[in-house]
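File shown here: start07.cif, holding mmCIF, C-alpha atoms.
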```
data_final
loop_
_atom_site.label_atom_id
_atom_site.label_comp_id
_atom_site.auth_asym_id
_atom_site.auth_seq_id
_atom_site.Cartn_x
_atom_site.Cartn_y
_atom_site.Cartn_z
CA MET A 1 83.91 190.69 126.04
CA PRO A 2 83.54 189.53 129.66
CA ASP A 3 86.02 190.85 132.20
CA TYR A 4 87.52 187.55 133.31
CA PRO A 5 90.40 187.23 135.77
CA PRO A 6 93.60 187.42 133.65
CA LYS A 7 94.73 183.85 134.36
CA LEU A 8 91.36 182.48 133.31
CA GLN A 9 91.38 184.58 130.15
CA GLU A 10 94.84 183.25 129.28
CA LEU A 11 93.66 179.70 129.74
CA LEU A 12 90.54 180.23 127.64
CA ASP A 13 92.74 181.75 124.94
CA ASP A 14 94.90 178.61 125.04
CA PHE A 15 91.84 176.41 124.59
CA SER A 16 90.61 178.52 121.71
CA PHE A 17 93.65 177.43 119.68
CA ILE A 18 92.96 173.73 120.16
CA THR A 19 91.75 172.11 116.99
CA THR A 20 91.43 168.40 117.71
CA ARG A 21 89.64 166.33 120.29
CA GLU A 22 92.85 164.46 121.12
CA GLU A 23 94.77 167.67 121.70
CA ARG A 24 92.06 168.94 124.02
CA ALA A 25 91.97 165.67 125.96
CA ASP A 26 95.76 165.57 126.37
CA TYR A 27 95.83 169.17 127.56
CA LEU A 28 93.09 168.50 130.10
CA ILE A 29 94.85 165.37 131.36
CA ASP A 30 98.06 167.32 131.89
CA ILE A 31 96.05 169.80 133.91
CA ALA A 32 94.26 167.05 135.89
CA GLU A 33 97.62 165.57 136.89
CA ARG A 34 98.31 168.70 138.93
CA PHE A 35 95.23 168.02 141.08
CA GLN A 36 95.88 168.24 144.82
CA PRO A 37 93.05 167.09 147.07
CA VAL A 38 91.86 169.35 149.86
CA PRO A 39 94.41 169.35 152.72
CA ASP A 40 93.42 167.88 156.07
CA ARG A 41 93.65 171.27 157.77
CA ILE A 42 90.74 172.42 155.60
CA ALA A 43 88.57 169.29 155.58
CA THR A 44 88.66 165.56 156.33
CA ARG A 45 86.28 162.76 155.36
CA PRO A 46 83.38 162.43 155.64
CA TYR A 47 83.01 165.69 153.80
CA PRO A 48 80.00 167.80 154.70
CA PRO A 49 77.10 167.65 152.23
CA GLU A 50 76.86 171.44 152.13
CA CYS A 51 80.26 171.49 150.37
CA LYS A 52 79.18 169.01 147.70
CA VAL A 53 78.78 170.32 144.16
CA ASN A 54 75.28 170.06 142.76
CA PHE A 55 74.76 167.73 139.78
CA CYS A 56 78.37 166.48 139.78
CA GLU A 57 78.45 162.71 139.47
CA SER A 58 82.16 162.69 140.22
CA GLU A 59 81.29 163.69 143.78
CA ALA A 60 83.18 166.96 143.80
CA TYR A 61 83.38 169.14 146.91
CA VAL A 62 84.44 172.77 147.20
CA TRP A 63 85.85 174.75 150.14
CA VAL A 64 87.03 178.32 150.39
CA GLU A 65 89.64 179.98 152.59
CA PRO A 66 89.76 183.77 152.92
CA LEU A 67 93.12 185.28 152.01
CA PRO A 68 94.58 188.35 153.79
CA ASP A 69 93.70 190.64 150.89
CA GLY A 70 90.06 189.62 150.95
CA ALA A 71 90.26 187.24 147.99
CA LEU A 72 89.54 183.51 148.30
CA LYS A 73 91.58 180.35 147.93
CA PHE A 74 89.56 177.44 146.54
CA TYR A 75 90.07 173.79 147.52
CA PHE A 76 88.48 170.73 145.98
CA ALA A 77 87.93 167.03 146.54
CA VAL A 78 86.92 164.65 143.74
CA GLU A 79 85.82 161.33 145.16
CA ASN A 80 85.23 159.46 141.91
CA PRO A 81 88.55 157.86 140.91
CA GLN A 82 87.44 158.11 137.25
CA GLY A 83 86.68 161.80 137.63
CA VAL A 84 89.49 163.05 135.40
CA SER A 85 87.43 165.89 133.95
CA ALA A 86 86.32 167.00 137.41
CA LYS A 87 89.94 167.03 138.58
CA ALA A 88 90.96 169.12 135.56
CA MET A 89 88.13 171.54 136.28
CA ALA A 90 89.18 171.79 139.92
CA VAL A 91 92.76 172.61 138.96
CA ILE A 92 91.59 175.23 136.45
CA LEU A 93 89.31 176.91 138.98
CA ASP A 94 91.99 176.92 141.65
CA GLU A 95 94.84 178.09 139.44
CA THR A 96 92.88 180.82 137.65
CA LEU A 97 90.42 182.05 140.29
CA SER A 98 92.10 181.59 143.69
CA GLY A 99 93.33 185.02 144.72
CA ALA A 100 91.46 186.82 141.93
CA PRO A 101 89.23 189.82 142.73
CA LEU A 102 85.93 188.49 144.03
CA SER A 103 83.98 190.87 141.82
CA GLN A 104 85.50 189.12 138.81
CA VAL A 105 85.12 185.60 140.20
CA ALA A 106 81.45 186.28 140.86
CA GLN A 107 80.95 187.07 137.17
CA VAL A 108 82.52 183.91 135.75
CA PRO A 109 79.71 182.08 133.97
CA PRO A 110 79.29 178.29 134.11
CA GLU A 111 79.35 178.26 130.30
CA ILE A 112 83.16 178.51 130.34
CA VAL A 113 82.91 174.71 130.65
CA LEU A 114 81.92 174.58 126.99
CA GLN A 115 84.98 176.61 125.96
CA ILE A 116 87.23 174.32 127.96
CA PHE A 117 85.72 170.89 127.30
CA GLY A 118 84.12 171.55 123.93
CA ARG A 119 80.51 171.92 122.92
CA GLU A 120 80.15 168.20 122.30
CA ILE A 121 80.27 167.39 125.99
CA SER A 122 77.26 165.44 127.21
CA MET A 123 74.56 167.17 129.16
CA GLY A 124 75.21 165.17 132.31
CA LYS A 125 78.95 165.69 132.32
CA GLY A 126 78.65 169.36 131.37
CA GLN A 127 76.11 169.95 134.08
CA GLY A 128 78.39 168.54 136.76
CA LEU A 129 81.34 170.64 135.64
CA MET A 130 79.17 173.74 135.43
CA GLY A 131 78.06 172.96 138.97
CA MET A 132 81.69 173.32 140.06
CA VAL A 133 81.92 176.75 138.43
CA SER A 134 78.62 177.76 140.01
CA ALA A 135 79.84 176.69 143.44
CA VAL A 136 82.92 178.90 143.13
CA GLN A 137 80.89 181.75 141.70
CA ASN A 138 78.36 181.52 144.54
CA ALA A 139 81.10 181.46 147.17
CA ALA A 140 82.50 184.68 145.71
CA LYS A 141 79.05 186.29 145.69
CA GLN A 142 78.42 185.31 149.31
CA HIS A 143 81.72 186.81 150.44
CA LEU A 144 81.05 189.96 148.47
CA ALA A 145 77.71 190.30 150.20
CA LYS A 146 79.25 190.13 153.66
CA PRO A 147 79.30 193.46 155.46
CA MET B 1 81.16 132.58 139.88
CA SER B 2 81.80 133.91 136.39
CA THR B 3 80.25 137.26 135.59
CA VAL B 4 78.94 135.81 132.32
CA THR B 5 78.17 132.07 132.46
CA GLY B 6 75.86 130.51 135.01
CA ARG B 7 73.90 133.75 135.36
CA GLY B 8 70.88 132.51 133.44
CA TYR B 9 71.20 134.94 130.54
CA ALA B 10 69.37 134.17 127.30
CA HIS B 11 72.43 135.11 125.24
CA PRO B 12 75.50 134.88 127.45
CA GLU B 13 77.62 134.84 124.30
CA MET B 14 76.98 138.59 123.96
CA LEU B 15 79.03 139.28 127.08
CA VAL B 16 82.68 138.72 127.85
CA SER B 17 84.28 138.93 131.27
CA THR B 18 87.28 141.02 132.27
CA ASP B 19 89.21 137.74 132.66
CA TRP B 20 88.39 136.86 129.07
CA VAL B 21 89.53 140.28 127.85
CA ALA B 22 92.78 140.01 129.79
CA ALA B 23 93.44 136.66 128.10
CA HIS B 24 92.76 138.07 124.62
CA LEU B 25 94.58 141.39 124.71
CA ASN B 26 96.90 140.42 121.88
CA ASP B 27 94.37 138.66 119.68
CA PRO B 28 94.48 140.41 116.29
CA THR B 29 90.96 139.26 115.43
CA ILE B 30 89.53 141.31 118.28
CA ARG B 31 89.23 145.07 118.63
CA PHE B 32 88.49 146.53 122.04
CA VAL B 33 86.38 149.65 121.77
CA GLU B 34 86.07 152.15 124.61
CA SER B 35 83.10 154.49 124.58
CA ASN B 36 82.61 156.97 127.42
CA GLU B 37 80.58 159.89 128.54
CA ASP B 38 83.71 161.61 129.85
CA PRO B 39 85.63 162.88 126.81
CA VAL B 40 88.94 162.85 128.69
CA LEU B 41 88.81 159.38 130.18
CA TYR B 42 90.06 157.32 127.23
CA ALA B 43 92.99 159.65 126.69
CA SER B 44 93.91 159.44 130.38
CA GLN B 45 94.28 155.65 130.14
CA HIS B 46 92.56 152.70 128.56
CA ILE B 47 92.89 148.98 127.99
CA PRO B 48 96.06 148.34 125.94
CA GLY B 49 95.20 148.22 122.27
CA ALA B 50 91.73 149.69 122.71
CA VAL B 51 90.41 152.30 120.31
CA GLU B 52 87.93 155.02 121.21
CA VAL B 53 84.54 155.54 119.61
CA ASP B 54 83.00 158.81 120.72
CA TRP B 55 79.24 159.09 120.72
CA THR B 56 79.14 162.70 119.54
CA THR B 57 81.94 162.90 117.02
CA ASP B 58 81.83 159.34 115.68
CA LEU B 59 78.24 158.15 115.95
CA ASN B 60 76.13 161.23 115.33
CA HIS B 61 75.30 162.69 111.95
CA PRO B 62 77.28 165.93 111.68
CA LEU B 63 74.22 168.01 110.82
CA ARG B 64 70.88 166.29 111.35
CA ARG B 65 69.68 164.74 114.58
CA ASP B 66 70.41 161.23 113.39
CA TYR B 67 73.18 158.68 113.36
CA LEU B 68 75.92 158.33 110.83
CA GLY B 69 75.07 156.74 107.50
CA LYS B 70 76.64 153.91 105.53
CA THR B 71 79.59 155.98 104.31
CA GLY B 72 80.29 157.35 107.75
CA PHE B 73 80.13 153.92 109.32
CA GLU B 74 82.50 152.51 106.72
CA ALA B 75 84.94 155.33 107.46
CA LEU B 76 84.64 154.69 111.19
CA MET B 77 85.30 150.97 110.80
CA SER B 78 88.23 151.76 108.55
CA ARG B 79 89.67 154.13 111.15
CA ILE B 80 89.53 151.55 113.93
CA GLY B 81 90.94 148.89 111.61
CA ALA B 82 87.93 146.59 111.69
CA THR B 83 86.73 144.17 109.05
CA PRO B 84 83.34 142.44 108.98
CA ASP B 85 85.02 139.51 110.75
CA THR B 86 86.59 141.55 113.53
CA LEU B 87 85.08 140.85 116.94
CA LEU B 88 84.36 144.18 118.60
CA VAL B 89 84.31 144.21 122.38
CA PHE B 90 82.73 147.38 123.76
CA TYR B 91 83.34 148.76 127.23
CA GLY B 92 83.23 152.15 128.90
CA ASP B 93 82.42 154.34 131.87
CA LYS B 94 79.10 154.74 133.67
CA ASN B 95 78.47 150.98 133.89
CA ASN B 96 78.74 150.57 130.13
CA TRP B 97 76.00 153.09 129.48
CA TRP B 98 77.84 154.60 126.49
CA ALA B 99 79.30 151.25 125.45
CA THR B 100 75.82 149.80 124.98
CA TYR B 101 74.84 152.96 123.09
CA ALA B 102 77.73 152.48 120.66
CA PHE B 103 76.94 148.76 120.47
CA TRP B 104 73.32 149.58 119.58
CA VAL B 105 74.35 151.99 116.81
CA PHE B 106 76.73 149.38 115.40
CA GLN B 107 73.80 146.94 115.29
CA LEU B 108 71.95 149.35 113.00
CA PHE B 109 74.63 148.40 110.48
CA GLY B 110 74.42 144.71 111.30
CA HIS B 111 77.90 144.22 112.74
CA ARG B 112 76.98 141.06 114.63
CA HIS B 113 80.49 140.26 115.82
CA ALA B 114 80.12 142.48 118.85
CA ARG B 115 80.18 141.93 122.61
CA ILE B 116 80.03 143.94 125.82
CA MET B 117 82.68 143.56 128.52
CA ASN B 118 80.68 142.93 131.65
CA GLY B 119 81.49 145.44 134.38
CA GLY B 120 82.99 147.92 131.93
CA ARG B 121 85.86 150.18 132.71
CA PHE B 122 84.91 150.39 136.37
CA LYS B 123 85.48 146.67 136.97
CA TRP B 124 88.65 146.56 134.87
CA GLU B 125 90.19 149.39 136.86
CA LYS B 126 88.97 148.05 140.18
CA GLU B 127 90.73 144.79 139.46
CA GLY B 128 93.99 146.63 138.87
CA ARG B 129 94.36 145.37 135.32
CA PRO B 130 96.76 147.00 132.84
CA MET B 131 95.99 150.40 131.39
CA THR B 132 97.95 152.63 129.03
CA ARG B 133 97.89 156.13 127.57
CA GLU B 134 99.32 154.92 124.27
CA ARG B 135 96.87 155.33 121.41
CA PRO B 136 97.16 152.32 119.09
CA GLU B 137 97.25 152.68 115.34
CA TYR B 138 95.86 149.97 113.12
CA PRO B 139 96.10 149.69 109.35
CA ARG B 140 93.01 151.11 107.75
CA THR B 141 90.58 148.59 106.34
CA ALA B 142 88.17 148.67 103.43
CA TYR B 143 84.94 147.94 105.27
CA VAL B 144 81.82 147.62 103.15
CA ALA B 145 78.74 148.21 105.26
CA PRO B 146 75.11 147.64 104.36
CA GLU B 147 72.73 150.58 104.42
CA ARG B 148 71.67 151.38 107.96
CA ASP B 149 68.59 149.36 108.90
CA ASP B 150 66.50 151.07 111.59
CA GLU B 151 63.56 148.72 111.30
CA ALA B 152 64.22 146.08 113.93
CA ILE B 153 65.74 147.91 116.88
CA ARG B 154 64.96 151.61 116.48
CA ALA B 155 61.60 153.32 116.98
CA PHE B 156 60.43 156.68 115.62
CA ARG B 157 57.75 158.96 117.02
CA GLU B 158 54.91 157.78 114.77
CA GLN B 159 55.62 154.21 115.77
CA VAL B 160 55.69 155.21 119.41
CA LEU B 161 52.33 156.92 119.05
CA GLN B 162 50.86 153.77 117.50
CA HIS B 163 52.46 151.77 120.31
CA VAL B 164 50.75 153.96 122.90
CA GLN B 165 47.40 153.76 121.14
CA SER B 166 47.59 149.97 121.03
CA HIS B 167 48.57 149.82 124.71
CA ARG B 168 51.80 147.97 124.12
CA PRO B 169 54.52 148.26 126.78
CA LEU B 170 57.04 151.07 127.06
CA VAL B 171 59.87 151.41 129.56
CA ASP B 172 61.02 154.86 130.62
CA VAL B 173 64.51 154.39 132.03
CA ARG B 174 65.00 157.94 133.30
CA SER B 175 65.12 158.93 136.94
CA PRO B 176 61.83 159.03 138.86
CA ASP B 177 61.94 162.84 138.91
CA GLU B 178 62.20 163.01 135.14
CA TYR B 179 59.48 160.38 134.77
CA THR B 180 57.00 162.14 137.01
CA GLY B 181 57.67 165.51 135.44
CA ARG B 182 59.06 167.08 138.60
CA ARG B 183 62.24 167.75 136.64
CA LEU B 184 61.71 169.34 133.26
CA HIS B 185 65.16 169.71 131.81
CA MET B 186 68.75 170.07 132.75
CA GLU B 187 69.89 173.52 133.73
CA ASN B 188 72.03 175.38 131.19
CA TYR B 189 71.16 173.00 128.36
CA PRO B 190 67.92 174.27 126.90
CA ASN B 191 68.85 172.68 123.58
CA GLU B 192 68.47 169.26 125.15
CA GLY B 193 65.52 170.17 127.32
CA ALA B 194 61.84 169.67 126.81
CA LEU B 195 58.91 172.05 127.00
CA ARG B 196 56.75 169.56 128.89
CA GLY B 197 57.54 167.23 131.75
CA GLY B 198 56.21 163.75 132.38
CA HIS B 199 56.31 160.49 130.49
CA ILE B 200 54.77 158.73 127.52
CA PRO B 201 51.36 157.33 128.56
CA GLY B 202 51.52 153.82 129.87
CA ALA B 203 55.31 153.74 130.25
CA LYS B 204 56.76 151.88 133.22
CA ASN B 205 59.58 153.61 135.07
CA VAL B 206 62.65 151.43 135.55
CA PRO B 207 65.79 153.56 135.93
CA TRP B 208 68.44 151.97 133.75
CA ALA B 209 71.05 151.51 136.49
CA ARG B 210 68.83 149.11 138.40
CA ALA B 211 70.06 146.45 135.99
CA VAL B 212 73.60 146.85 137.34
CA ASP B 213 75.31 145.68 140.51
CA PRO B 214 76.86 148.92 141.82
CA GLU B 215 79.61 146.99 143.58
CA ASN B 216 81.34 145.88 140.41
CA GLY B 217 79.38 147.40 137.52
CA THR B 218 78.25 144.02 136.15
CA PHE B 219 74.77 143.21 134.99
CA ARG B 220 72.52 141.62 137.58
CA SER B 221 71.68 137.94 137.10
CA ALA B 222 68.78 136.93 134.88
CA ASP B 223 66.70 136.03 137.95
CA GLU B 224 67.31 139.47 139.45
CA LEU B 225 66.51 141.15 136.14
CA ARG B 226 63.31 139.15 135.73
CA ALA B 227 62.28 140.20 139.23
CA ILE B 228 62.58 143.84 138.16
CA TYR B 229 61.17 143.79 134.64
CA GLU B 230 58.71 140.90 134.83
CA GLN B 231 57.54 140.33 138.41
CA GLU B 232 57.61 144.01 139.31
CA GLN B 233 56.68 145.68 136.02
CA GLY B 234 54.77 142.91 134.27
CA LEU B 235 56.76 142.63 131.06
CA GLN B 236 56.79 139.29 129.24
CA PRO B 237 59.45 137.89 126.88
CA GLY B 238 57.01 137.86 123.97
CA ASP B 239 56.14 141.53 124.38
CA ASP B 240 56.83 144.16 121.77
CA VAL B 241 58.67 146.70 123.93
CA ILE B 242 59.90 150.24 123.29
CA VAL B 243 62.44 151.76 125.66
CA TYR B 244 63.36 155.43 125.90
CA CYS B 245 65.10 158.01 128.07
CA ARG B 246 66.17 161.56 127.18
CA ILE B 247 68.12 161.09 123.96
CA GLY B 248 68.27 157.30 123.72
CA GLU B 249 71.59 156.58 125.42
CA ARG B 250 70.50 155.29 128.82
CA SER B 251 67.74 153.31 127.16
CA SER B 252 70.23 151.51 124.92
CA HIS B 253 71.51 149.91 128.12
CA THR B 254 68.02 148.63 128.98
CA TRP B 255 67.57 147.59 125.34
CA PHE B 256 70.66 145.39 125.69
CA VAL B 257 69.39 143.93 128.96
CA LEU B 258 65.97 143.02 127.60
CA LYS B 259 67.17 141.78 124.23
CA TYR B 260 70.26 139.79 125.10
CA LEU B 261 70.17 139.04 128.81
CA LEU B 262 66.45 138.27 129.06
CA GLY B 263 65.98 137.22 125.44
CA TYR B 264 63.14 139.55 124.38
CA GLU B 265 62.94 139.35 120.60
CA HIS B 266 61.05 142.57 119.95
CA VAL B 267 62.73 145.50 121.69
CA ARG B 268 63.26 148.86 120.07
CA ASN B 269 65.02 151.94 121.34
CA TYR B 270 63.24 155.27 120.80
CA ASP B 271 66.25 157.59 120.53
CA GLY B 272 64.07 160.63 119.95
CA SER B 273 63.09 159.97 123.54
CA TRP B 274 61.90 162.69 125.87
CA THR B 275 63.74 165.52 124.16
CA GLU B 276 61.51 164.83 121.16
CA TRP B 277 58.29 163.65 122.83
CA GLY B 278 58.33 166.41 125.44
CA ASN B 279 58.52 169.01 122.67
CA LEU B 280 56.02 167.51 120.21
CA VAL B 281 52.76 169.32 119.65
CA ASN B 282 49.58 167.48 120.54
CA VAL B 283 50.93 164.15 121.72
CA PRO B 284 49.60 162.58 124.92
CA ILE B 285 51.64 162.89 128.12
CA GLU B 286 51.16 161.49 131.59
CA ARG B 287 52.43 163.00 134.83
CA GLU B 288 53.06 161.39 138.22
#
```
Rewrite the structure from the file as structure tokens, please.
Amino acid sequence: MPDYPPKLQELLDDFSFITTREERADYLIDIAERFQPVPDRIATRPYPPECKVNFCESEAYVWVEPLPDGALKFYFAVENPQGVSAKAMAVILDETLSGAPLSQVAQVPPEIVLQIFGREISMGKGQGLMGMVSAVQNAAKQHLAKP
Amino acid sequence: MSTVTGRGYAHPEMLVSTDWVAAHLNDPTIRFVESNEDPVLYASQHIPGAVEVDWTTDLNHPLRRDYLGKTGFEALMSRIGATPDTLLVFYGDKNNWWATYAFWVFQLFGHRHARIMNGGRFKWEKEGRPMTRERPEYPRTAYVAPERDDEAIRAFREQVLQHVQSHRPLVDVRSPDEYTGRRLHMENYPNEGALRGGHIPGAKNVPWARAVDPENGTFRSADELRAIYEQEQGLQPGDDVIVYCRIGERSSHTWFVLKYLLGYEHVRNYDGSWTEWGNLVNVPIERE
């Protein structure tokens, strides 16, 4: 059993009880409605290409802000107005991984996307969402590697 | 100018505009059908009265790599409250990519009362037209479907091989990197990947989205489409054409363009596409 940050584990447990496609979609929409775009003090448009998530057609961007205890706060932008799934993913990553121990964040695999969105998700959509997880994971690894 | 008439299409009757949809929202003889790549999008909001048809859960066979059969299609039509006389108007995200895929599958069962809303969900939303989260419920119908007929618009690998050997035209609608073989498969999805990169010998590369105006998601005019497929790539309306991509979804969009907008009579979609061809033993492949 992977050692996920507790908030992420709780969320994955919640998704494991979902039985219908409609229930999953409604839950994800409720999550997406909590999306807050990156504040101006962190980044303003045009966003730098180095913050853009690979493979994500919803044009998602990720930023990190070091917290006093050494953990990271994650911020996101989703430029595609139809990017509901990307917004839900951004909220999940922020709410469950911001402030979590970096050693745990660095171990979160992109495949959690399949537990959250279901295994039926298309390759293109899944790849973009996994790219968001990878971006957060890589940020954690880079900060861990800093002397 | 209308997004449908005056555009030179061979079969403009296969398209409806967003204006037309807005004027027919309460027509009980019409069912609006949203089909997306994003599994959350329909539930977030959709055209009032529209039902959702999902490509994985509704259109695919639950076990084999194939589409649903007669019984499954009848159950699907019953669920969305459609009769053989119901006019189905498909629309969706990604410039109607998945809408044309659903449309194509429905044509395997001969439901001819079907249209595509030009511009798809993108145009509807951009125009600020009404959307709702309310899922409609329609009385179930007793739809009697014919057996699925793959003959006219679907191609299988043996037919594709014969097509290659007789030097008939193929259109590969994937990205140039997939076509040339620089990109083998999508990361993290080995089940949908391929062991070899490249394209089917002789295939022309016309990425599917070139047929769409990115400003509003509508299909380009017939003149613009002919410039791409005929002047640039050398196709002719009398050609026997096979289109393909990775699993047959993007190519259903090009199938619709060639068949209905340019009036090609013999166009088939090879849904096995590169995930089959790129894994087959001892079939010819070209790179670059």
**OP:** Run the PyMOL selection byres ((chain B) within 12 of (chain A)) against the file shown and list the residues it catches, as an NGL selection string.
**Re:** :B and (36-46 or 52-58 or 60 or 62 or 92-95 or 98 or 121-126 or 133-135 or 185-193 or 246-247 or 249-250)
Original post:
Asp177 of chain B: which residues within 12 Å, counting only C-alpha atoms, same-chain residues fewer than 2 positions away excluded, as JSON, numbers by chain?
Top reply: {"B": [172, 173, 174, 175, 179, 180, 181, 182, 183, 184, 185, 186, 197, 198, 199, 205, 206, 207, 287, 288]}
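The environment of Ala140 of chain A within 6 Å, counting all atoms listed in the file and disregarding residues fewer than 3 places along the same chain, consists of Leu102, Ala106, Gln137 and His143 of chain A.
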Original post:
If the PyMOL selection byres ((chain B and resi 16) around 12) is run on the structure shown, which residues does it catch, given as an MDAnalysis selection string?
Top reply: chainID B and resid 2:5 11:15 17:24 32 87:91 114:120 218:219
Could those residues be written to a file, using C-alpha atoms, as a short mmCIF file (atom, residue, chain, number, x, y, z; two decimals), in the coordinates of the input?
```
data_model
loop_
_atom_site.label_atom_id
_atom_site.label_comp_id
_atom_site.auth_asym_id
_atom_site.auth_seq_id
_atom_site.Cartn_x
_atom_site.Cartn_y
_atom_site.Cartn_z
CA SER B 2 81.80 133.91 136.39
CA THR B 3 80.25 137.26 135.59
CA VAL B 4 78.94 135.81 132.32
CA THR B 5 78.17 132.07 132.46
CA HIS B 11 72.43 135.11 125.24
CA PRO B 12 75.50 134.88 127.45
CA GLU B 13 77.62 134.84 124.30
CA MET B 14 76.98 138.59 123.96
CA LEU B 15 79.03 139.28 127.08
CA SER B 17 84.28 138.93 131.27
CA THR B 18 87.28 141.02 132.27
CA ASP B 19 89.21 137.74 132.66
CA TRP B 20 88.39 136.86 129.07
CA VAL B 21 89.53 140.28 127.85
CA ALA B 22 92.78 140.01 129.79
CA ALA B 23 93.44 136.66 128.10
CA HIS B 24 92.76 138.07 124.62
CA PHE B 32 88.49 146.53 122.04
CA LEU B 87 85.08 140.85 116.94
CA LEU B 88 84.36 144.18 118.60
CA VAL B 89 84.31 144.21 122.38
CA PHE B 90 82.73 147.38 123.76
CA TYR B 91 83.34 148.76 127.23
CA ALA B 114 80.12 142.48 118.85
CA ARG B 115 80.18 141.93 122.61
CA ILE B 116 80.03 143.94 125.82
CA MET B 117 82.68 143.56 128.52
CA ASN B 118 80.68 142.93 131.65
CA GLY B 119 81.49 145.44 134.38
CA GLY B 120 82.99 147.92 131.93
CA THR B 218 78.25 144.02 136.15
CA PHE B 219 74.77 143.21 134.99
#
```
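For the file shown, the residue list from the PyMOL selection byres ((chain B and resi 71) around 12) reads Leu59, His61, Tyr67, Leu68, Gly69, Lys70, Gly72, Phe73, Glu74, Ala75, Leu76, Met77, Ser78, Phe109, Ala142, Tyr143, Val144, Ala145, Pro146, Glu147 and Arg148 of chain B.
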Original post:
Can you tell me, as an NGL selection string, what residues are no more than 12 Å from Gln165 of chain B when counting only C-alpha atoms, ignoring any on the same chain fewer than 4 positions away?
Top reply: :B and (158-161 or 169-170 or 200-202 or 283-284)
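Shortest atom-to-atom contact with Met89 of chain A among A:Lys146, A:Pro49, A:Leu11, A:Ala139: A:Leu11, counting all atoms listed in the file.
Pairwise distance (atom CA of Asp94 of chain A, atom CA of Gly128 of chain A) equals 16.7 Å.
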Subject >> Nearby residues (all atoms listed in the file) at most 12 Å from Ala43 of chain A, same-chain spacing under 3 positions excluded, as a PyMOL selection string >> reply: chain A and resi 37-40+46-48+51+61-65+75-77
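Nearest residue to Arg31 of chain B among B:Ala10, B:Pro136, B:Arg65, B:Gly248 is B:Pro136, counting all atoms listed in the file.
Closest approach to Val133 of chain A from the set A:Gln9, A:Ser58, A:Ala145, A:Val53 is made by A:Val53, with distances taken over only C-alpha atoms.
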Once 8 Å is added on each side, what are the centre and the three edge lengths, in Å to one decimal, of the axis-aligned box enclosing the listed atoms of segment 21-29 of chain A? Present them as AutoDock Vina command-line options.
```
--center_x 92.7 --center_y 166.8 --center_z 125.8 --size_x 22.2 --size_y 20.7 --size_z 27.1
```
Original post:
What gap, in Å, lies between atom CA of Lys141 of chain A and atom CA of Leu8 of chain A?
Top reply: 17.9 Å
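Remark: for Pro84 of chain B, the closest of the candidate residues B:Val105, B:Asp150, B:Arg112, B:Arg64 is B:Arg112 (distances computed over all atoms listed in the file).
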Original post:
Of the residues A:Glu10, A:Asp3, A:Glu95, A:Glu59, which is the one nearest to Glu79 of chain A, using only C-alpha atoms?
Top reply: A:Glu59
